[in-house]
file upload25.cif (mmCIF, C-alpha atoms and all ligand atoms)
data_structure
loop_
_atom_site.group_PDB
_atom_site.id
_atom_site.type_symbol
_atom_site.label_atom_id
_atom_site.label_comp_id
_atom_site.auth_asym_id
_atom_site.auth_seq_id
_atom_site.Cartn_x
_atom_site.Cartn_y
_atom_site.Cartn_z
ATOM 1 C CA MET X 1 -54.582 -157.479 -13.480
ATOM 2 C CA PRO X 2 -55.320 -159.336 -16.751
ATOM 3 C CA ILE X 3 -54.586 -163.093 -16.698
ATOM 4 C CA PRO X 4 -53.021 -165.150 -19.550
ATOM 5 C CA TRP X 5 -55.461 -167.138 -21.658
ATOM 6 C CA ARG X 6 -53.861 -170.473 -20.760
ATOM 7 C CA TYR X 7 -55.498 -170.291 -17.319
ATOM 8 C CA VAL X 8 -58.960 -170.135 -18.896
ATOM 9 C CA GLU X 9 -60.867 -173.372 -19.394
ATOM 10 C CA SER X 10 -63.779 -171.732 -21.212
ATOM 11 C CA TRP X 11 -65.760 -168.548 -21.378
ATOM 12 C CA ASN X 12 -69.512 -168.632 -21.032
ATOM 13 C CA CYS X 13 -71.232 -165.273 -20.918
ATOM 14 C CA VAL X 14 -74.099 -165.127 -18.467
ATOM 15 C CA ALA X 15 -75.364 -161.823 -19.907
ATOM 16 C CA CYS X 16 -74.970 -160.078 -16.561
ATOM 17 C CA GLY X 17 -74.393 -156.760 -18.358
ATOM 18 C CA MET X 18 -71.601 -155.771 -15.972
ATOM 19 C CA CYS X 19 -69.157 -154.963 -18.767
ATOM 20 C CA CYS X 20 -71.704 -152.551 -20.296
ATOM 21 C CA LYS X 21 -72.009 -150.706 -17.002
ATOM 22 C CA ASP X 22 -68.497 -150.487 -15.649
ATOM 23 C CA TYR X 23 -66.483 -149.581 -18.739
ATOM 24 C CA ARG X 24 -66.409 -146.853 -21.369
ATOM 25 C CA VAL X 25 -66.443 -148.137 -24.930
ATOM 26 C CA VAL X 26 -63.800 -146.619 -27.204
ATOM 27 C CA LEU X 27 -64.910 -146.313 -30.823
ATOM 28 C CA GLY X 28 -62.751 -146.566 -33.912
ATOM 29 C CA PHE X 29 -63.264 -143.665 -36.315
ATOM 30 C CA ASN X 30 -65.296 -145.723 -38.812
ATOM 31 C CA GLU X 31 -67.403 -147.161 -36.009
ATOM 32 C CA TRP X 32 -68.083 -143.654 -34.767
ATOM 33 C CA VAL X 33 -69.120 -142.503 -38.264
ATOM 34 C CA ASP X 34 -71.475 -145.477 -38.751
ATOM 35 C CA ILE X 35 -73.085 -144.985 -35.337
ATOM 36 C CA ILE X 36 -73.667 -141.236 -35.641
ATOM 37 C CA ARG X 37 -75.076 -141.702 -39.154
ATOM 38 C CA LYS X 38 -77.703 -144.052 -37.780
ATOM 39 C CA TYR X 39 -78.334 -142.698 -34.262
ATOM 40 C CA GLY X 40 -77.064 -139.117 -34.312
ATOM 41 C CA ILE X 41 -74.028 -137.569 -32.706
ATOM 42 C CA GLY X 42 -75.717 -137.393 -29.295
ATOM 43 C CA VAL X 43 -75.150 -141.104 -28.626
ATOM 44 C CA THR X 44 -71.387 -140.648 -28.535
ATOM 45 C CA GLN X 45 -69.061 -138.703 -26.246
ATOM 46 C CA PRO X 46 -65.861 -137.115 -27.568
ATOM 47 C CA SER X 47 -62.696 -136.585 -25.568
ATOM 48 C CA ILE X 48 -59.506 -134.841 -26.699
ATOM 49 C CA SER X 49 -58.250 -137.810 -28.691
ATOM 50 C CA ARG X 50 -61.041 -140.402 -28.747
ATOM 51 C CA PHE X 51 -64.722 -141.045 -29.213
ATOM 52 C CA TYR X 52 -66.708 -143.098 -26.728
ATOM 53 C CA LEU X 53 -70.191 -144.544 -26.705
ATOM 54 C CA GLY X 54 -72.563 -142.483 -24.615
ATOM 55 C CA LYS X 55 -73.845 -143.507 -21.208
ATOM 56 C CA LYS X 56 -77.135 -143.127 -19.382
ATOM 57 C CA GLY X 57 -77.417 -141.247 -16.122
ATOM 58 C CA ASP X 58 -76.841 -144.471 -14.153
ATOM 59 C CA GLY X 59 -73.550 -145.106 -15.960
ATOM 60 C CA THR X 60 -74.771 -147.892 -18.244
ATOM 61 C CA CYS X 61 -74.208 -147.892 -22.001
ATOM 62 C CA LEU X 62 -76.965 -146.101 -23.914
ATOM 63 C CA PHE X 63 -77.550 -149.253 -25.934
ATOM 64 C CA LEU X 64 -77.856 -151.712 -23.053
ATOM 65 C CA THR X 65 -81.358 -153.139 -22.937
ATOM 66 C CA LYS X 66 -82.994 -155.523 -20.494
ATOM 67 C CA LEU X 67 -85.250 -158.216 -21.848
ATOM 68 C CA TYR X 68 -86.677 -160.411 -19.106
ATOM 69 C CA ASP X 69 -83.606 -161.642 -17.185
ATOM 70 C CA THR X 70 -81.140 -160.995 -19.980
ATOM 71 C CA TRP X 71 -79.129 -157.913 -20.847
ATOM 72 C CA LEU X 72 -78.936 -157.339 -24.578
ATOM 73 C CA CYS X 73 -76.877 -155.098 -26.821
ATOM 74 C CA GLY X 74 -79.090 -152.726 -28.786
ATOM 75 C CA LEU X 75 -76.385 -152.043 -31.347
ATOM 76 C CA GLN X 76 -76.523 -155.567 -32.743
ATOM 77 C CA ASN X 77 -74.569 -155.698 -36.025
ATOM 78 C CA MET X 78 -72.856 -152.361 -35.264
ATOM 79 C CA LYS X 79 -71.417 -153.599 -31.991
ATOM 80 C CA PRO X 80 -67.984 -151.970 -31.564
ATOM 81 C CA LYS X 81 -64.858 -154.068 -31.753
ATOM 82 C CA ALA X 82 -64.005 -153.197 -28.134
ATOM 83 C CA CYS X 83 -67.254 -154.880 -27.045
ATOM 84 C CA LYS X 84 -66.694 -157.929 -29.239
ATOM 85 C CA LEU X 85 -63.267 -158.494 -27.722
ATOM 86 C CA TRP X 86 -64.114 -157.891 -24.081
ATOM 87 C CA PRO X 87 -63.028 -159.435 -21.666
ATOM 88 C CA PHE X 88 -60.016 -160.387 -23.808
ATOM 89 C CA LYS X 89 -56.980 -158.331 -24.738
ATOM 90 C CA ILE X 90 -55.162 -159.325 -27.930
ATOM 91 C CA LEU X 91 -51.682 -157.834 -27.838
ATOM 92 C CA SER X 92 -48.453 -158.014 -29.813
ATOM 93 C CA ARG X 93 -46.379 -157.706 -26.619
ATOM 94 C CA PRO X 94 -46.644 -159.514 -23.257
ATOM 95 C CA LYS X 95 -47.770 -156.324 -21.554
ATOM 96 C CA PHE X 96 -49.164 -158.015 -18.456
ATOM 97 C CA GLY X 97 -46.368 -160.558 -17.880
ATOM 98 C CA ARG X 98 -46.193 -164.380 -18.009
ATOM 99 C CA PRO X 99 -45.304 -164.377 -21.726
ATOM 100 C CA ILE X 100 -45.269 -168.172 -22.091
ATOM 101 C CA GLU X 101 -48.773 -168.598 -20.680
ATOM 102 C CA ALA X 102 -50.060 -165.608 -22.642
ATOM 103 C CA SER X 103 -48.544 -166.497 -26.021
ATOM 104 C CA TYR X 104 -50.664 -167.823 -28.863
ATOM 105 C CA LYS X 105 -49.418 -168.745 -32.328
ATOM 106 C CA TYR X 106 -51.784 -167.691 -35.078
ATOM 107 C CA LYS X 107 -50.547 -168.638 -38.546
ATOM 108 C CA ASP X 108 -47.021 -167.195 -38.687
ATOM 109 C CA ARG X 109 -47.611 -164.603 -35.980
ATOM 110 C CA LYS X 110 -47.348 -164.648 -32.224
ATOM 111 C CA PHE X 111 -49.867 -162.851 -30.018
ATOM 112 C CA PHE X 112 -50.174 -162.392 -26.273
ATOM 113 C CA ILE X 113 -53.690 -162.902 -25.007
ATOM 114 C CA TYR X 114 -55.024 -161.968 -21.606
ATOM 115 C CA VAL X 115 -58.425 -161.935 -20.000
ATOM 116 C CA ASP X 116 -59.948 -159.509 -17.536
ATOM 117 C CA PRO X 117 -60.727 -161.638 -14.437
ATOM 118 C CA THR X 118 -63.708 -159.502 -13.431
ATOM 119 C CA CYS X 119 -65.885 -161.177 -16.078
ATOM 120 C CA ILE X 120 -67.988 -163.731 -14.234
ATOM 121 C CA GLY X 121 -68.372 -165.840 -17.381
ATOM 122 C CA ILE X 122 -64.817 -167.150 -17.188
ATOM 123 C CA ARG X 123 -64.205 -170.684 -15.995
ATOM 124 C CA TRP X 124 -60.639 -171.221 -14.859
ATOM 125 C CA GLY X 125 -58.667 -174.349 -15.682
ATOM 126 C CA GLN X 126 -57.103 -176.189 -18.597
ATOM 127 C CA PRO X 127 -58.278 -174.627 -21.906
ATOM 128 C CA THR X 128 -60.794 -176.732 -23.812
ATOM 129 C CA GLN X 129 -60.294 -177.560 -27.484
ATOM 130 C CA VAL X 130 -63.138 -175.257 -28.481
ATOM 131 C CA PHE X 131 -61.733 -172.374 -26.509
ATOM 132 C CA THR X 132 -58.204 -172.921 -27.852
ATOM 133 C CA TYR X 133 -58.947 -173.624 -31.493
ATOM 134 C CA ARG X 134 -62.207 -171.792 -32.128
ATOM 135 C CA VAL X 135 -62.769 -168.965 -29.669
ATOM 136 C CA VAL X 136 -59.225 -167.577 -29.396
ATOM 137 C CA PRO X 137 -58.457 -167.554 -33.153
ATOM 138 C CA GLU X 138 -61.794 -165.889 -33.841
ATOM 139 C CA LEU X 139 -60.983 -163.156 -31.323
ATOM 140 C CA ILE X 140 -57.614 -162.621 -33.011
ATOM 141 C CA GLU X 141 -59.274 -162.377 -36.426
ATOM 142 C CA ILE X 142 -61.763 -159.828 -35.121
ATOM 143 C CA ALA X 143 -58.934 -157.840 -33.525
ATOM 144 C CA LEU X 144 -57.088 -157.871 -36.850
ATOM 145 C CA GLY X 145 -60.220 -156.800 -38.727
ATOM 146 C CA LEU X 146 -60.248 -159.982 -40.832
ATOM 147 C CA HIS X 147 -63.940 -160.430 -40.191
ATOM 148 C CA GLN X 148 -66.725 -158.841 -38.191
ATOM 149 C CA LYS X 149 -69.129 -161.658 -37.481
ATOM 150 C CA GLN X 150 -68.825 -163.660 -34.280
ATOM 151 C CA TYR X 151 -69.559 -167.377 -34.439
ATOM 152 C CA TYR X 152 -67.700 -168.902 -31.504
ATOM 153 C CA SER X 153 -67.006 -165.847 -29.350
ATOM 154 C CA THR X 154 -70.549 -164.713 -28.741
ATOM 155 C CA ALA X 155 -73.764 -166.008 -27.268
ATOM 156 C CA ARG X 156 -76.593 -167.407 -29.285
ATOM 157 C CA ILE X 157 -79.535 -166.154 -27.315
ATOM 158 C CA SER X 158 -82.995 -166.886 -28.512
ATOM 159 C CA HIS X 159 -85.003 -163.674 -28.371
ATOM 160 C CA ARG X 160 -88.170 -165.678 -27.888
ATOM 161 C CA PRO X 161 -88.824 -166.539 -24.231
ATOM 162 C CA GLN X 162 -88.839 -170.258 -23.452
ATOM 163 C CA TRP X 163 -90.037 -172.147 -20.412
ATOM 164 C CA ILE X 164 -86.978 -173.542 -18.675
ATOM 165 C CA ASN X 165 -87.435 -175.450 -15.416
ATOM 166 C CA GLY X 166 -90.802 -173.812 -14.921
ATOM 167 C CA ARG X 167 -89.466 -170.269 -15.455
ATOM 168 C CA LYS X 168 -89.782 -168.064 -18.461
ATOM 169 C CA GLY X 169 -86.310 -167.308 -19.791
ATOM 170 C CA PHE X 170 -84.029 -167.346 -22.764
ATOM 171 C CA LEU X 171 -82.355 -170.398 -24.128
ATOM 172 C CA HIS X 172 -78.642 -169.914 -24.665
ATOM 173 C CA ARG X 173 -78.123 -172.154 -27.644
ATOM 174 C CA ARG X 174 -74.379 -171.725 -27.547
ATOM 175 C CA ASN X 175 -72.188 -170.972 -24.615
ATOM 176 C CA HIS X 176 -69.945 -168.141 -25.613
ATOM 177 C CA SER X 177 -70.378 -164.584 -24.727
ATOM 178 C CA VAL X 178 -71.882 -161.335 -24.889
ATOM 179 C CA PHE X 179 -75.163 -160.349 -26.350
ATOM 180 C CA GLU X 180 -76.418 -160.806 -29.840
HETATM 181 S S1 LIG O 201 -68.912 -160.733 -20.976
HETATM 182 FE FE1 LIG O 201 -68.714 -161.206 -18.765
HETATM 183 S S2 LIG O 201 -69.156 -159.304 -17.683
HETATM 184 FE FE2 LIG O 201 -69.921 -159.062 -19.793
HETATM 185 S S3 LIG O 201 -72.077 -159.676 -19.719
HETATM 186 FE FE3 LIG O 201 -70.903 -161.504 -20.249
HETATM 187 S S4 LIG O 201 -70.482 -162.520 -18.277
HETATM 188 FE FE4 LIG O 201 -71.116 -160.416 -17.813
HETATM 189 S S1 LIG O 202 -72.037 -154.613 -25.909
HETATM 190 FE FE1 LIG O 202 -73.593 -153.158 -26.676
HETATM 191 S S2 LIG O 202 -74.695 -152.502 -24.824
HETATM 192 FE FE2 LIG O 202 -72.740 -153.366 -24.143
HETATM 193 S S3 LIG O 202 -71.312 -151.636 -24.013
HETATM 194 FE FE3 LIG O 202 -71.091 -152.542 -26.071
HETATM 195 S S4 LIG O 202 -72.495 -151.364 -27.366
HETATM 196 FE FE4 LIG O 202 -73.090 -150.980 -25.237
#

call {"tool": "encode", "arguments": {"input": "upload25.cif", "output": "structure tokens", "more": "lines below"}}
Ligand code: SF4
Ligand code: SF4
result
Amino acid sequence: MPIPWRYVESWNCVACGMCCKDYRVVLGFNEWVDIIRKYGIGVTQPSISRFYLGKKGDGTCLFLTKLYDTWLCGLQNMKPKACKLWPFKILSRPKFGRPIEASYKYKDRKFFIYVDPTCIGIRWGQPTQVFTYRVVPELIEIALGLHQKQYYSTARISHRPQWINGRKGFLHRRNHSVFE
């Protein structure tokens, strides 16, 4: 059951790749057109009313790539909106209850924001300033289509391996999620 955003202290993606394995990614029509133009229609899967990203035989997204210990998104700047927003749900109604804890005022509008608790990058507690005033508004703006680029709601992962505590790995220059 999704949990209201006010129970989230912060969200720090650990690039576990779970969300790219366990879920099907719904594509908007324009996203579908852009992706099939570049990669061909075979990378998507149609259903009666929707288009989805294709999956490999093991159930993972076709574009999920492992680089050392980090799972990366191979779609990069074509990453679908559904992926940018996960694990958050930006709604106009309090669909999952607790409307006070889920409500968020953005300009003159009220939204209800929930998070999927299965994401292991969530830290529970009192929301930080960055989470409240940077991450959440950016998610709302992406949901509304006001901009595409993620600044606060995505990871900054160096693609060049670094030596960290004697191990070769990737330096997460900024804490917030998924793969970029
Ligand atoms: S968003 Fe959550 S589930 Fe997905 S890769 Fe990051 S930590 Fe894992
Ligand atoms: S973030 Fe990238 S790899 Fe993961 S499900 Fe979305 S498109 Fe696939």

call {"tool": "atom_distance", "arguments": {"input": "upload25.cif", "atom1": "CA of Phe111 in chain X", "atom2": "CA of Ile90 in chain X"}}
result
6.7 Å

call {"tool": "closest_atom_pairs", "arguments": {"input": "upload25.cif", "of": "chain X", "to": "ligand LIG 201 (chain O)", "cutoff": "12 Å", "atoms": "only C-alpha atoms and all ligand atoms", "output": "CSV"}}
result
residue,atom,partner,partner_atom,distance
X:Ser10,CA,O:LIG201,S4,11.8
X:Trp11,CA,O:LIG201,S4,8.3
X:Asn12,CA,O:LIG201,S4,6.8
X:Cys13,CA,O:LIG201,FE3,3.8
X:Val14,CA,O:LIG201,S4,4.5
X:Ala15,CA,O:LIG201,S3,3.9
X:Cys16,CA,O:LIG201,FE4,4.1
X:Gly17,CA,O:LIG201,S3,4.0
X:Met18,CA,O:LIG201,S2,4.6
X:Cys19,CA,O:LIG201,FE2,4.3
X:Cys20,CA,O:LIG201,FE2,6.8
X:Lys21,CA,O:LIG201,FE2,9.1
X:Asp22,CA,O:LIG201,S2,9.1
X:Tyr23,CA,O:LIG201,S2,10.1
X:Leu64,CA,O:LIG201,S3,10.4
X:Thr65,CA,O:LIG201,S3,11.8
X:Lys66,CA,O:LIG201,S3,11.7
X:Asp69,CA,O:LIG201,S3,12.0
X:Thr70,CA,O:LIG201,S3,9.2
X:Trp71,CA,O:LIG201,S3,7.4
X:Leu72,CA,O:LIG201,S3,8.7
X:Cys73,CA,O:LIG201,S3,9.7
X:Ala82,CA,O:LIG201,S1,11.5
X:Cys83,CA,O:LIG201,S1,8.6
X:Lys84,CA,O:LIG201,S1,9.0
X:Leu85,CA,O:LIG201,S1,9.1
X:Trp86,CA,O:LIG201,S1,6.4
X:Pro87,CA,O:LIG201,S1,6.1
X:Phe88,CA,O:LIG201,S1,9.3
X:Val115,CA,O:LIG201,FE1,10.4
X:Asp116,CA,O:LIG201,FE1,9.0
X:Pro117,CA,O:LIG201,FE1,9.1
X:Thr118,CA,O:LIG201,S2,6.9
X:Cys119,CA,O:LIG201,FE1,3.9
X:Ile120,CA,O:LIG201,S4,4.9
X:Gly121,CA,O:LIG201,S4,4.0
X:Ile122,CA,O:LIG201,FE1,7.3
X:Arg123,CA,O:LIG201,S4,10.5
X:Ser153,CA,O:LIG201,S1,10.0
X:Thr154,CA,O:LIG201,S1,8.9
X:Ala155,CA,O:LIG201,FE3,8.8
X:Asn175,CA,O:LIG201,FE3,10.5
X:His176,CA,O:LIG201,FE3,8.6
X:Ser177,CA,O:LIG201,FE3,5.5
X:Val178,CA,O:LIG201,FE3,4.7
X:Phe179,CA,O:LIG201,S3,7.3
X:Glu180,CA,O:LIG201,S3,11.1

call {"tool": "axis_aligned_box", "arguments": {"input": "upload25.cif", "around": "ligand LIG 202 (chain O)", "padding_each_side": "3 Å", "output": "lines of an AutoDock Vina configuration file"}}
result
center_x = -72.9
center_y = -152.8
center_z = -25.7
size_x = 9.6
size_y = 9.6
size_z = 9.4

call {"tool": "closest_residue", "arguments": {"input": "upload25.cif", "among": "X:Pro46, X:Pro137, X:Pro4, X:Gly54", "to": "ligand LIG 202 (chain O)", "atoms": "all atoms listed in the file"}}
result
X:Gly54

call {"tool": "closest_residue", "arguments": {"input": "upload25.cif", "among": "X:Val25, X:Val135, X:Met1, X:Ile100", "to": "Thr60 in chain X", "atoms": "only C-alpha atoms"}}
result
X:Val25

call {"tool": "residues_near_point", "arguments": {"input": "upload25.cif", "point": "(-54.5, -170.3, -23.3)", "cutoff": "7 Å", "atoms": "all atoms listed in the file", "output": "PyMOL selection string"}}
result
chain X and resi 4-8+101-102+127+132

call {"tool": "closest_residue", "arguments": {"input": "upload25.cif", "among": "X:Ile36, X:Ile140, X:Val43, X:Leu67", "to": "Lys107 in chain X", "atoms": "only C-alpha atoms"}}
result
X:Ile140

call {"tool": "atom_distance", "arguments": {"input": "upload25.cif", "atom1": "CA of Arg109 in chain X", "atom2": "CA of Gln148 in chain X"}}
result
20.1 Å

call {"tool": "closest_residue", "arguments": {"input": "upload25.cif", "among": "X:Lys110, X:Arg134, X:His147, X:Lys81", "to": "Pro94 in chain X", "atoms": "all atoms listed in the file"}}
result
X:Lys110

call {"tool": "closest_residue", "arguments": {"input": "upload25.cif", "among": "X:Gly59, X:Pro2, X:Gly97, X:Gly40", "to": "ligand LIG 202 (chain O)", "atoms": "only C-alpha atoms and all ligand atoms"}}
result
X:Gly59

call {"tool": "atom_distance", "arguments": {"input": "upload25.cif", "atom1": "CA of Lys55 in chain X", "atom2": "CA of Leu146 in chain X"}}
result
29.0 Å

call {"tool": "decode", "arguments": {"input": "upload25.cif", "residues": "range 129-145 of chain X", "atoms": "N, CA and C atoms", "output": "CSV table (one decimal), in the first residue's frame"}}
result
chain,number,residue,atom,x,y,z
X,129,GLN,N,14.3,19.4,4.4
X,129,GLN,CA,14.0,20.5,3.6
X,129,GLN,C,14.2,20.2,2.1
X,130,VAL,N,15.3,19.5,1.8
X,130,VAL,CA,15.6,19.2,0.4
X,130,VAL,C,14.5,18.4,-0.2
X,131,PHE,N,14.1,17.4,0.5
X,131,PHE,CA,13.1,16.5,0.0
X,131,PHE,C,11.8,17.3,-0.2
X,132,THR,N,11.4,18.1,0.8
X,132,THR,CA,10.1,18.8,0.8
X,132,THR,C,10.1,19.9,-0.3
X,133,TYR,N,11.2,20.7,-0.4
X,133,TYR,CA,11.2,21.9,-1.3
X,133,TYR,C,11.9,21.7,-2.6
X,134,ARG,N,12.6,20.6,-2.8
X,134,ARG,CA,13.3,20.4,-4.0
X,134,ARG,C,12.8,19.2,-4.8
X,135,VAL,N,12.9,18.0,-4.0
X,135,VAL,CA,12.6,16.8,-4.7
X,135,VAL,C,11.1,16.7,-5.1
X,136,VAL,N,10.2,16.9,-4.1
X,136,VAL,CA,8.8,16.8,-4.3
X,136,VAL,C,8.3,17.7,-5.4
X,137,PRO,N,8.6,19.0,-5.4
X,137,PRO,CA,8.1,19.9,-6.4
X,137,PRO,C,8.6,19.5,-7.8
X,138,GLU,N,9.9,19.0,-7.9
X,138,GLU,CA,10.4,18.6,-9.2
X,138,GLU,C,9.6,17.4,-9.7
X,139,LEU,N,9.3,16.5,-8.8
X,139,LEU,CA,8.4,15.3,-9.2
X,139,LEU,C,7.1,15.8,-9.8
X,140,ILE,N,6.5,16.8,-9.1
X,140,ILE,CA,5.2,17.3,-9.6
X,140,ILE,C,5.4,17.9,-10.9
X,141,GLU,N,6.4,18.7,-11.1
X,141,GLU,CA,6.6,19.4,-12.4
X,141,GLU,C,6.9,18.3,-13.5
X,142,ILE,N,7.6,17.3,-13.2
X,142,ILE,CA,7.8,16.2,-14.2
X,142,ILE,C,6.4,15.5,-14.5
X,143,ALA,N,5.6,15.3,-13.5
X,143,ALA,CA,4.3,14.7,-13.7
X,143,ALA,C,3.4,15.5,-14.6
X,144,LEU,N,3.5,16.9,-14.4
X,144,LEU,CA,2.7,17.8,-15.1
X,144,LEU,C,3.3,18.0,-16.5
X,145,GLY,N,4.5,17.6,-16.8
X,145,GLY,CA,5.1,17.8,-18.1
X,145,GLY,C,5.7,19.2,-18.3
